[in-house]
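Pasted below: coords-v4.txt, compact mmCIF, C-alpha atoms.
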```
# COMPACT_ATOMS: atom_id res chain seq x y z
CA MET A 1 -13.08 16.93 -4.88
CA ASN A 2 -15.33 14.14 -6.20
CA LEU A 3 -13.07 11.67 -8.01
CA GLU A 4 -14.28 8.78 -10.16
CA MET A 5 -13.47 5.10 -9.80
CA ARG A 6 -10.76 3.63 -12.03
CA LEU A 7 -11.99 0.76 -14.20
CA GLY A 8 -9.66 -2.22 -13.97
CA VAL A 9 -9.02 -5.94 -14.09
CA VAL A 10 -7.48 -8.47 -11.68
CA GLY A 11 -5.87 -11.73 -12.82
CA VAL A 12 -5.91 -14.71 -10.46
CA PHE A 13 -3.77 -17.60 -11.67
CA GLN A 14 -4.35 -20.93 -9.97
CA ASN A 15 -2.04 -23.94 -10.39
CA ASP A 16 -2.82 -27.66 -10.22
CA GLU A 17 -2.19 -27.69 -6.45
CA GLY A 18 -4.82 -25.00 -5.89
CA LEU A 19 -2.26 -22.28 -5.08
CA VAL A 20 -2.62 -18.76 -6.48
CA LEU A 21 0.07 -16.48 -7.89
CA VAL A 22 0.89 -13.21 -6.10
CA GLY A 23 3.54 -10.62 -6.87
CA GLU A 24 5.54 -8.46 -4.49
CA ARG A 25 5.33 -4.84 -5.56
CA ARG A 26 8.70 -3.38 -6.48
CA ARG A 27 8.38 -0.13 -4.51
CA GLU A 28 6.88 -1.60 -1.34
CA MET A 29 8.61 -4.49 0.43
CA ASN A 30 6.21 -7.19 1.64
CA SER A 31 3.33 -5.71 -0.36
CA TRP A 32 1.85 -8.68 -2.21
CA GLN A 33 -1.08 -8.64 -4.61
CA PHE A 34 -2.59 -10.27 -7.66
CA PRO A 35 -1.54 -8.82 -11.02
CA GLN A 36 -3.96 -6.07 -11.94
CA GLY A 37 -4.28 -2.93 -13.99
CA GLY A 38 -6.50 -0.38 -15.64
CA VAL A 39 -8.72 -0.64 -18.69
CA ASP A 40 -7.51 1.83 -21.30
CA ALA A 41 -9.89 3.98 -23.36
CA GLY A 42 -11.40 1.97 -26.22
CA GLU A 43 -10.33 -1.33 -24.66
CA THR A 44 -12.60 -4.13 -23.39
CA ALA A 45 -11.94 -5.76 -20.02
CA ASP A 46 -10.86 -8.97 -21.80
CA GLN A 47 -8.36 -7.02 -23.90
CA ALA A 48 -7.11 -5.25 -20.76
CA VAL A 49 -6.53 -8.47 -18.84
CA ASN A 50 -4.52 -9.87 -21.75
CA ARG A 51 -2.41 -6.70 -22.00
CA GLU A 52 -1.94 -6.27 -18.25
CA MET A 53 -0.89 -9.88 -17.66
CA ARG A 54 1.60 -9.63 -20.54
CA GLU A 55 2.99 -6.38 -19.11
CA GLU A 56 3.09 -7.37 -15.45
CA LEU A 57 4.00 -11.06 -15.77
CA GLY A 58 6.01 -11.07 -18.98
CA CYS A 59 3.92 -13.84 -20.55
CA ASP A 60 0.81 -14.14 -22.65
CA LYS A 61 0.27 -17.90 -22.81
CA PHE A 62 -2.76 -18.27 -20.57
CA GLU A 63 -6.47 -18.88 -20.84
CA ILE A 64 -9.45 -17.24 -19.20
CA VAL A 65 -11.30 -19.82 -17.10
CA LYS A 66 -13.89 -17.53 -15.52
CA LYS A 67 -14.72 -13.83 -15.32
CA SER A 68 -16.83 -12.02 -12.74
CA GLU A 69 -20.07 -10.68 -14.19
CA ASN A 70 -19.97 -7.62 -11.97
CA MET A 71 -17.15 -5.38 -10.88
CA ILE A 72 -15.81 -5.36 -7.35
CA SER A 73 -14.95 -1.93 -5.99
CA TYR A 74 -12.87 -0.50 -3.20
CA ASP A 75 -11.91 3.02 -2.16
CA PHE A 76 -8.34 4.15 -1.64
CA PRO A 77 -7.50 5.25 1.90
CA THR A 78 -7.83 9.01 2.25
CA ASP A 79 -4.19 9.26 3.37
CA LEU A 80 -2.81 7.29 0.41
CA ASN A 81 -0.24 9.52 -1.26
CA SER A 82 0.18 8.05 -4.73
CA ARG A 83 -0.33 9.23 -8.29
CA ILE A 84 -3.34 6.95 -8.81
CA ALA A 85 -5.02 8.04 -5.56
CA LYS A 86 -4.80 11.66 -6.71
CA GLN A 87 -6.59 10.78 -9.97
CA PHE A 88 -9.20 8.28 -8.70
CA ARG A 89 -11.31 7.64 -5.60
CA GLY A 90 -10.70 3.90 -5.85
CA GLN A 91 -10.99 1.02 -8.29
CA SER A 92 -13.83 -1.01 -9.80
CA GLN A 93 -12.43 -4.23 -11.21
CA TYR A 94 -13.48 -7.31 -13.12
CA TRP A 95 -11.93 -10.42 -11.62
CA TYR A 96 -10.54 -13.19 -13.84
CA LEU A 97 -9.58 -16.76 -13.02
CA LEU A 98 -6.70 -17.65 -15.35
CA ASN A 99 -4.52 -20.69 -16.11
CA PHE A 100 -1.09 -20.70 -17.72
CA LYS A 101 -0.78 -22.74 -20.92
CA ASP A 102 2.05 -25.03 -22.02
CA GLY A 103 3.93 -24.81 -18.72
CA ASP A 104 4.35 -21.04 -19.09
CA GLY A 105 4.56 -18.72 -16.11
CA PRO A 106 5.76 -15.32 -14.98
CA ASP A 107 9.05 -14.09 -16.40
CA LEU A 108 10.43 -11.02 -14.60
CA SER A 109 12.97 -10.44 -17.39
CA LYS A 110 10.10 -9.78 -19.84
CA ALA A 111 7.80 -7.91 -17.42
CA ASP A 112 7.43 -4.17 -16.86
CA HIS A 113 9.11 -4.38 -13.44
CA GLU A 114 6.06 -3.58 -11.33
CA PHE A 115 6.88 -6.68 -9.27
CA ARG A 116 10.17 -7.73 -7.69
CA ALA A 117 9.16 -11.36 -7.09
CA PHE A 118 6.34 -13.88 -7.50
CA ARG A 119 5.24 -16.75 -5.32
CA TRP A 120 2.44 -19.30 -5.15
CA LEU A 121 0.32 -19.17 -1.99
CA SER A 122 -2.80 -20.80 -0.64
CA VAL A 123 -5.89 -18.69 -1.23
CA GLU A 124 -6.14 -17.93 2.50
CA SER A 125 -2.48 -16.86 2.64
CA ALA A 126 -2.96 -14.63 -0.40
CA VAL A 127 -5.84 -12.85 1.35
CA LYS A 128 -3.73 -12.38 4.49
CA SER A 129 -0.75 -11.06 2.51
CA VAL A 130 -2.61 -8.26 0.72
CA ILE A 131 -2.69 -4.77 2.21
CA PRO A 132 -5.65 -4.49 4.62
CA TRP A 133 -7.67 -1.93 2.65
CA LYS A 134 -7.88 -4.31 -0.34
CA ARG A 135 -8.72 -7.39 1.73
CA GLU A 136 -12.53 -7.14 1.51
CA ALA A 137 -12.37 -6.81 -2.29
CA TYR A 138 -10.06 -9.85 -2.44
CA ILE A 139 -12.48 -11.92 -0.40
CA LYS A 140 -15.40 -10.92 -2.66
CA GLY A 141 -13.43 -11.57 -5.86
CA LEU A 142 -12.15 -14.95 -4.72
CA LYS A 143 -15.65 -16.01 -3.66
CA ILE A 144 -17.08 -15.02 -7.05
CA LEU A 145 -14.37 -17.04 -8.81
CA GLY A 146 -15.17 -20.03 -6.59
CA LEU A 147 -11.78 -20.08 -4.86
CA LEU A 148 -12.96 -19.09 -1.41
CA ASN A 149 -15.74 -20.61 0.62
CA GLU A 150 -18.93 -18.54 0.82
CA ASP A 151 -19.10 -18.75 4.63
CA ARG A 152 -15.77 -16.96 5.12
```

Rewrite the structure from the file as structure tokens, please.
Amino acid sequence: MNLEMRLGVVGVFQNDEGLVLVGERRREMNSWQFPQGGVDAGETADQAVNREMREELGCDKFEIVKKSENMISYDFPTDLNSRIAKQFRGQSQYWYLLNFKDGDGPDLSKADHEFRAFRWLSVESAVKSVIPWKREAYIKGLKILGLLNEDR
């Protein structure tokens, strides 16, 4: 079976201390990642990042600082047994650097409950905390956004 890639977006929020926001997935303890999601039919990537961040973080008061010009792709592991892995081979995502406005931030009470918790980590710690098969995509995305040194 030759599955297609899922078109998506990734939102990387950075605070004034240079830390980035990661969420712990609700169904998988100690599975941390940046908020992300798919681009719906008829939707632009910019529209998708606004919708996805509102859904996953419960807030929509943020600004786009930078967007990757090209998508970053990764394949799902062949043994991944999830609904999305049965529909798609992997994901091709636009990466966004985002900043919260007016002191806003994630609000789990308003979010769609994909995450059980959020925390701010150093960029290096965020890379280490993501599941291994996404790590290379994270390194590429963070380099493009200027948050990770090119010689890493």

- Task: Using all atoms listed in the file, find the one residue out of A:Ser92, A:Gln33, A:Asn50, A:Ser68 that sits nearest to Ile144 (chain A).
- Result: A:Ser68

- Report the distance between CA of Gly11 (chain A) and CA of Thr44 (chain A) in Å, rounded to one decimal place.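 Pair CA of Gly11 (chain A) / CA of Thr44 (chain A) returns 14.7 Å.
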
Mind running region 1-110 of chain A against region 125-131 of chain A at 12 Å and telling me each contacting residue's nearest atom pair with the distance in Å (one decimal), counting only C-alpha atoms, chain and number ascending, as a tab-separated table?
```
residue	atom	partner	partner_atom	distance
A:Val12	CA	A:Ala126	CA	10.5
A:Phe13	CA	A:Ala126	CA	11.7
A:Gln14	CA	A:Ala126	CA	11.5
A:Gly18	CA	A:Ala126	CA	11.9
A:Leu19	CA	A:Ala126	CA	9.0
A:Val20	CA	A:Ala126	CA	7.4
A:Leu21	CA	A:Ala126	CA	8.3
A:Val22	CA	A:Ala126	CA	7.0
A:Gly23	CA	A:Ala126	CA	10.0
A:Glu24	CA	A:Val130	CA	9.7
A:Arg25	CA	A:Val130	CA	10.7
A:Glu28	CA	A:Ile131	CA	10.7
A:Met29	CA	A:Ile131	CA	11.4
A:Asn30	CA	A:Ser129	CA	8.0
A:Ser31	CA	A:Val130	CA	6.6
A:Trp32	CA	A:Val130	CA	5.4
A:Gln33	CA	A:Val130	CA	5.6
A:Phe34	CA	A:Ala126	CA	8.5
A:Pro35	CA	A:Val130	CA	11.8
A:Phe76	CA	A:Ile131	CA	11.2
A:Pro77	CA	A:Ile131	CA	11.1
```

- Task: Write out as a PyMOL selection string the residues lying within 7 Å of Leu7 (chain A), counting only C-alpha atoms and excluding same-chain residues fewer than 5 positions away.
- Result: chain A and resi 38-39+91-93

- Across A:Asp75, A:Glu150, A:Glu114, A:Glu56, the smallest distance to Pro132 (chain A), with all atoms listed in the file counted, is shown by A:Asp75

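Distance check against Glu69 (chain A) using only C-alpha atoms: of A:Arg27, A:Met5, A:Asp102, A:Tyr94, the minimum falls on A:Tyr94.
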
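Distances here use all atoms listed in the file; by that measure, the residue among A:Val9, A:Met53, A:Lys134, A:Asp16 closest to Asp40 (chain A) is A:Val9.
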